[in-house]
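Encoded as structure tokens, the structure appears first; notes follow it.
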Amino acid sequence: MRPLLWKEVHDLRPWVLGAGALVAGFALLCRLPRFEAPLLDGSLFALLPFLSLLAAIGLAMGQIARERHTRTLDFLLVRPVSPAAILWTKFLAGSVALAVVLTALVALLYTNPGYTANSGLNVIRGAVGFWRLLPFWLPRYWCLYAVTLLCSTLTDRTGKAAGAAAVCILTGLSLLFVSVDLLPFTGIEVWLPGFDGTGALVRVVQDSKLLWITGAVSCALALLTAWFAATLLQRSSERHLGNRALVLGGVGVIAAAILAGVALAERLPVTRPSGSVTFTSKYNPEAFAADRGLVCVVLDDGLAFFDFSDPAHARKVAEQHLPLWSATRVALSGADAYLIGKRKSVPADEMQILPASLTPEGSIRFAALIPLGPPDPSDFTSSAIPSGGSLYVSAIVRRQCLVRVFDIATHRETAAVTVDTLQPNPGHPHEEPKGGIAMQLRAPYLYVTSPSWLTTLDLSDSANPRIASRLAFRDPIPLFYAFQRDQVVLGNLLLEPSAWPQAMRSYNLIDPSRPAPAAEFTWHRTENSHPAESRGTLYQPWREGIIAFRRAGARFEALRYLHADPGYGIVKLSTAGGLVYTLGYDETAKQQRLAAFPAQ
């Protein structure tokens, strides 16, 4: 056994030395200012999974196939060692070599700890330490190494083994990546080996239980695959697959993956729009809101009202241009709209609230403007919620996160509640901090998310709200401090989507004045809009339409697919009065389409 083990170490030595030279070369380049930023910003971030996969395939592809082709395997089989022992010895040596190579590759991410550029790599390094990332990385690529060793056992040439392994691994990974979108609430992304857009790596590494479970399963699969390869070699050491069998097997693997992807894509019942309206605008709509069968759409140069009281005969009822004025948000209460935007003026622009009402005659009537002051550079965007004769507006003024209260009848400001103060961004301490505030109403309470807190405002006195409770929030990714945290209420849960790592935080509202942290659900932000709720069901953009999903115990499950018109990418989503409204935009035709689906 010992001579066989040393032989394997000698055969794998070029791979280990080559990987060491590559890592040393990258490490030296990362120390040079000319190459540091390009490598650490993206190149190395993208190369690491590829290099790891290359190491897993390269180390295993010739361990049996090369021996069979050069007839060395025949010599080994006449020695007093069983075929299974030969394979397990090779597996042991290859596993040690793979561990050395992957450890060096992962260490490349931490080559220059002082690098602070805003990049995906720096986000990973800021959230995940080396000794947490390595246990995530090794088991997954060890499993891929075992698959390649199995392919090497079934072939007689190194190239055939590499090709078969590449087909199996890349097809499987492609199906897994596709399934992340097609099965957005299953958590399947935690099994991906490497970086992906959902931030699953960070979620797994920061959860010790999940890290242990996924790592243990990957290791078990690697050992099971190696045992299967040893069993095949033990029973028939000379038999291997021919070219025809390899081609047919590869075609079969790819065809099975395609059929599985098609089946997953078509698994949900499809609902078509009850009605839609197409209109042309020079620019993509900025915002829209719906209430009681009426929809207000804000365009770059104005606004328009649409009547959806009968969705099958939806129509535009009024449109008005607003020169020198651009809106960023709109709130709608009946036929009254409240636009928040910026007005061009001298000597400086000013943020304003523009009340607009749809008259019974089909015209738009504007009320007096409500001034909000000059635009604050630290404010991402403001939002508004009308309720109980008052209009609640979120804003950031000189780093103070405020909820300002205006009397709708008189347009006077009656109160301003400070809910937070912007602090320097831990990820960018030398930059001016910017932030966003989101609000969600569940009368008589208004839930406000700011960079550091979840604040509950009691609206019993609508003109003078008071703080009922505050719950501290700490973003798991310091670089994302102050990003807006939107919300949606579902039953007795306040849900808060996390953009990255993608997940759905929840807070228990059994005592609505004091939200309490609850479970975290698997969720994917598949498009550019956060979920909306209607009748206990959540909706969010998905593929070319909307996916409807609902909580089922400790997870979410997909219910149906609301298919919008092809070509109109969903840019906004709203729910009201038992209807789900989507606003789509066709880049080619420069047209918008407002569609309504029945909520179930």
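FYI, nothing fancy with the structure tokens labels: chains A, B, ... in order, residues from 1 per chain, ligands from 1 as they appear.
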
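Those residues that approach Thr198 of chain A to within 8 Å, counting only C-alpha atoms, are Glu189, Trp500, Pro501, Gln502 and His524 of chain A; same-chain residues fewer than 3 positions away are not listed.
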
I want to know what sits within 10 Å of segment 360-367 of chain A, based on only C-alpha atoms, with residues of the same chain fewer than 6 positions away left out; could you give that as a CSV table (one decimal) with N, CA and C atoms, in the first residue's frame?
```csv
chain,number,residue,atom,x,y,z
A,303,LEU,N,-48.2,62.8,-15.4
A,303,LEU,CA,-48.9,61.6,-14.7
A,303,LEU,C,-50.2,61.3,-15.5
A,304,ALA,N,-50.7,60.1,-15.3
A,304,ALA,CA,-51.9,59.7,-15.9
A,304,ALA,C,-52.8,58.8,-15.0
A,305,PHE,N,-54.1,58.9,-15.1
A,305,PHE,CA,-55.0,58.0,-14.4
A,305,PHE,C,-55.7,57.0,-15.3
A,316,LYS,N,-57.6,54.7,-20.3
A,316,LYS,CA,-57.0,55.9,-19.7
A,316,LYS,C,-58.1,57.0,-19.6
A,317,VAL,N,-58.2,57.6,-18.4
A,317,VAL,CA,-59.2,58.6,-18.2
A,317,VAL,C,-58.7,60.1,-18.2
A,318,ALA,N,-57.4,60.2,-17.9
A,318,ALA,CA,-56.9,61.6,-17.8
A,318,ALA,C,-55.3,61.5,-17.9
A,319,GLU,N,-54.7,62.6,-18.4
A,319,GLU,CA,-53.3,62.7,-18.5
A,319,GLU,C,-52.9,64.1,-18.4
A,320,GLN,N,-51.8,64.4,-17.7
A,320,GLN,CA,-51.4,65.8,-17.5
A,320,GLN,C,-49.9,65.9,-17.5
A,335,ALA,N,-59.5,58.8,-5.3
A,335,ALA,CA,-59.1,59.6,-6.5
A,335,ALA,C,-58.1,60.6,-6.2
A,336,ASP,N,-57.5,60.6,-5.0
A,336,ASP,CA,-56.5,61.6,-4.6
A,336,ASP,C,-55.1,61.0,-4.6
A,337,ALA,N,-54.2,61.6,-5.4
A,337,ALA,CA,-52.9,61.2,-5.5
A,337,ALA,C,-51.9,62.2,-4.9
A,338,TYR,N,-50.8,61.7,-4.3
A,338,TYR,CA,-49.8,62.6,-3.7
A,338,TYR,C,-48.5,62.2,-4.3
A,353,ILE,N,-44.3,68.0,-2.4
A,353,ILE,CA,-45.5,67.1,-2.5
A,353,ILE,C,-46.5,67.8,-3.4
A,354,LEU,N,-47.0,67.1,-4.4
A,354,LEU,CA,-48.0,67.7,-5.3
A,354,LEU,C,-49.2,66.9,-5.2
A,411,HIS,N,-52.9,70.9,4.5
A,411,HIS,CA,-51.5,70.8,3.9
A,411,HIS,C,-50.5,71.4,4.8
```

Segment 245-466 of chain A: residues DSSP assigns to helix (DSSP H, G or I), reported as a count of residues only: 24

Set out as a tab-separated table a contact list for segment 478-592 of chain A and segment 430-454 of chain A with a cut-off of 8 Å, giving each residue of segment 478-592 of chain A that qualifies its closest atom pair and distance in Å to one decimal, counting only C-alpha atoms, ordered by chain and rising residue number.
```
residue	atom	partner	partner_atom	distance
A:Tyr481	CA	A:Pro451	CA	6.4
A:Ala482	CA	A:Pro451	CA	4.3
A:Phe483	CA	A:Gly435	CA	5.7
A:Gln484	CA	A:Gly436	CA	4.4
A:Arg485	CA	A:Thr449	CA	6.1
A:Asp486	CA	A:Ala438	CA	5.4
A:Gln487	CA	A:Gln440	CA	6.3
A:Val488	CA	A:Gln440	CA	6.7
A:Val489	CA	A:Gln440	CA	7.5
A:Pro512	CA	A:Tyr445	CA	7.3
A:Ser513	CA	A:Tyr445	CA	7.0
```

Please, could you write that set of residues out with N, CA and C atoms as a tab-separated table (two decimals), in the first residue's frame?
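Heads up, here's the output in again-v3.tsv:
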```
chain	number	residue	atom	x	y	z
A	481	TYR	N	-24.82	48.94	4.63
A	481	TYR	CA	-25.44	49.79	5.64
A	481	TYR	C	-26.26	50.89	4.97
A	482	ALA	N	-27.45	51.12	5.46
A	482	ALA	CA	-28.34	52.21	5.04
A	482	ALA	C	-29.09	51.93	3.76
A	483	PHE	N	-28.92	50.76	3.13
A	483	PHE	CA	-29.78	50.44	2.00
A	483	PHE	C	-31.22	50.30	2.48
A	484	GLN	N	-32.15	50.74	1.64
A	484	GLN	CA	-33.55	50.73	2.04
A	484	GLN	C	-34.05	49.30	2.26
A	485	ARG	N	-34.74	49.08	3.37
A	485	ARG	CA	-35.30	47.78	3.72
A	485	ARG	C	-36.81	47.86	3.61
A	486	ASP	N	-37.35	47.36	2.50
A	486	ASP	CA	-38.79	47.41	2.28
A	486	ASP	C	-39.50	46.33	3.09
A	487	GLN	N	-40.82	46.48	3.20
A	487	GLN	CA	-41.61	45.58	4.04
A	487	GLN	C	-42.92	45.22	3.37
A	488	VAL	N	-43.53	44.15	3.87
A	488	VAL	CA	-44.87	43.78	3.48
A	488	VAL	C	-45.47	43.01	4.65
A	489	VAL	N	-46.75	43.23	4.93
A	489	VAL	CA	-47.43	42.56	6.05
A	489	VAL	C	-48.22	41.38	5.51
A	512	PRO	N	-48.92	43.91	18.02
A	512	PRO	CA	-48.55	44.78	16.89
A	512	PRO	C	-47.75	46.00	17.28
A	513	SER	N	-47.75	46.36	18.56
A	513	SER	CA	-46.97	47.53	18.97
A	513	SER	C	-45.51	47.18	19.21
```

DSSP-assigned strand (DSSP E or B) among segment 473-568 of chain A, expressed as a ChimeraX atom specification: /A:488-490,493-498,503-508,516-521,532-534,537-542,545-552,555-563

Written selection (N, CA and C atoms) as a compact mmCIF listing (two decimals), in the first residue's frame:
```
# COMPACT_ATOMS: atom_id res chain seq x y z
N VAL A 488 -43.53 44.15 3.87
CA VAL A 488 -44.87 43.78 3.48
C VAL A 488 -45.47 43.01 4.65
N VAL A 489 -46.75 43.23 4.93
CA VAL A 489 -47.43 42.56 6.05
C VAL A 489 -48.22 41.38 5.51
N LEU A 490 -48.03 40.22 6.13
CA LEU A 490 -48.74 39.00 5.75
C LEU A 490 -49.29 38.37 7.03
N LEU A 493 -47.40 38.52 10.42
CA LEU A 493 -45.97 38.65 10.17
C LEU A 493 -45.67 39.93 9.40
N LEU A 494 -44.65 40.62 9.83
CA LEU A 494 -44.09 41.72 9.06
C LEU A 494 -42.86 41.15 8.34
N LEU A 495 -42.91 41.11 7.02
CA LEU A 495 -41.85 40.52 6.23
C LEU A 495 -40.93 41.60 5.69
N GLU A 496 -39.64 41.31 5.72
CA GLU A 496 -38.64 42.28 5.27
C GLU A 496 -37.65 41.57 4.34
N PRO A 497 -37.77 41.79 3.03
CA PRO A 497 -36.84 41.14 2.10
C PRO A 497 -35.42 41.66 2.27
N SER A 498 -34.48 40.75 2.26
CA SER A 498 -33.07 41.11 2.28
C SER A 498 -32.51 40.92 0.88
N ALA A 503 -32.92 36.67 1.33
CA ALA A 503 -33.69 35.94 2.32
C ALA A 503 -34.87 36.81 2.71
N MET A 504 -35.82 36.24 3.42
CA MET A 504 -36.98 37.00 3.89
C MET A 504 -36.99 36.96 5.41
N ARG A 505 -36.60 38.08 6.02
CA ARG A 505 -36.69 38.17 7.46
C ARG A 505 -38.15 38.35 7.86
N SER A 506 -38.49 37.97 9.06
CA SER A 506 -39.87 38.15 9.50
C SER A 506 -39.89 38.60 10.96
N TYR A 507 -40.95 39.33 11.30
CA TYR A 507 -41.17 39.81 12.66
C TYR A 507 -42.60 39.45 13.06
N ASN A 508 -42.75 38.94 14.26
CA ASN A 508 -44.07 38.52 14.75
C ASN A 508 -44.86 39.74 15.22
N ALA A 516 -41.52 41.33 17.08
CA ALA A 516 -40.45 40.48 17.63
C ALA A 516 -39.82 39.67 16.51
N PRO A 517 -38.49 39.56 16.47
CA PRO A 517 -37.83 38.78 15.41
C PRO A 517 -38.35 37.35 15.38
N ALA A 518 -38.61 36.85 14.17
CA ALA A 518 -39.11 35.49 13.99
C ALA A 518 -38.23 34.77 12.96
N ALA A 519 -38.80 33.81 12.26
CA ALA A 519 -38.01 32.96 11.37
C ALA A 519 -37.51 33.74 10.15
N GLU A 520 -36.48 33.19 9.51
CA GLU A 520 -35.98 33.71 8.25
C GLU A 520 -36.29 32.69 7.16
N PHE A 521 -36.94 33.13 6.09
CA PHE A 521 -37.40 32.23 5.04
C PHE A 521 -36.50 32.34 3.80
N ALA A 532 -45.47 42.22 -3.12
CA ALA A 532 -46.68 42.93 -2.73
C ALA A 532 -47.69 41.90 -2.26
N GLU A 533 -48.58 42.29 -1.36
CA GLU A 533 -49.51 41.34 -0.75
C GLU A 533 -50.95 41.65 -1.13
N SER A 534 -51.75 40.59 -1.32
CA SER A 534 -53.18 40.75 -1.53
C SER A 534 -53.88 39.47 -1.08
N THR A 537 -51.80 36.43 -0.03
CA THR A 537 -50.87 35.89 -1.00
C THR A 537 -49.86 36.97 -1.37
N LEU A 538 -48.61 36.55 -1.57
CA LEU A 538 -47.56 37.48 -1.97
C LEU A 538 -47.30 37.34 -3.46
N TYR A 539 -46.91 38.45 -4.07
CA TYR A 539 -46.63 38.49 -5.51
C TYR A 539 -45.31 39.21 -5.74
N GLN A 540 -44.56 38.72 -6.73
CA GLN A 540 -43.34 39.41 -7.12
C GLN A 540 -43.03 39.08 -8.57
N PRO A 541 -42.34 40.00 -9.30
CA PRO A 541 -41.96 39.71 -10.68
C PRO A 541 -41.14 38.43 -10.77
N TRP A 542 -41.40 37.65 -11.82
CA TRP A 542 -40.72 36.36 -12.00
C TRP A 542 -40.78 36.01 -13.47
N GLY A 545 -43.43 37.48 -15.99
CA GLY A 545 -44.69 37.83 -15.36
C GLY A 545 -44.54 37.96 -13.86
N ILE A 546 -45.50 37.37 -13.15
CA ILE A 546 -45.56 37.47 -11.70
C ILE A 546 -45.71 36.07 -11.12
N ILE A 547 -45.01 35.80 -10.03
CA ILE A 547 -45.20 34.55 -9.32
C ILE A 547 -45.98 34.85 -8.04
N ALA A 548 -46.98 34.02 -7.78
CA ALA A 548 -47.77 34.12 -6.57
C ALA A 548 -47.30 33.04 -5.61
N PHE A 549 -47.03 33.41 -4.37
CA PHE A 549 -46.56 32.43 -3.40
C PHE A 549 -47.15 32.73 -2.03
N ARG A 550 -47.13 31.71 -1.19
CA ARG A 550 -47.79 31.82 0.11
C ARG A 550 -46.97 31.06 1.14
N ARG A 551 -47.07 31.51 2.37
CA ARG A 551 -46.37 30.82 3.45
C ARG A 551 -47.02 29.47 3.70
N ALA A 552 -46.16 28.44 3.83
CA ALA A 552 -46.62 27.08 4.14
C ALA A 552 -45.75 26.55 5.26
N ARG A 555 -41.81 27.54 5.46
CA ARG A 555 -41.26 27.95 4.18
C ARG A 555 -42.35 28.60 3.34
N PHE A 556 -41.97 29.08 2.16
CA PHE A 556 -42.92 29.59 1.18
C PHE A 556 -43.07 28.56 0.07
N GLU A 557 -44.23 28.55 -0.56
CA GLU A 557 -44.45 27.68 -1.70
C GLU A 557 -45.10 28.47 -2.83
N ALA A 558 -44.69 28.16 -4.07
CA ALA A 558 -45.24 28.84 -5.24
C ALA A 558 -46.62 28.29 -5.55
N LEU A 559 -47.55 29.18 -5.91
CA LEU A 559 -48.93 28.77 -6.17
C LEU A 559 -49.27 28.81 -7.66
N ARG A 560 -48.95 29.89 -8.33
CA ARG A 560 -49.31 30.04 -9.74
C ARG A 560 -48.44 31.11 -10.38
N TYR A 561 -48.53 31.15 -11.69
CA TYR A 561 -47.73 32.07 -12.49
C TYR A 561 -48.66 32.99 -13.25
N LEU A 562 -48.52 34.28 -13.02
CA LEU A 562 -49.32 35.28 -13.72
C LEU A 562 -48.51 35.75 -14.92
N HIS A 563 -48.89 35.29 -16.09
CA HIS A 563 -48.08 35.50 -17.29
C HIS A 563 -48.47 36.82 -17.96
```
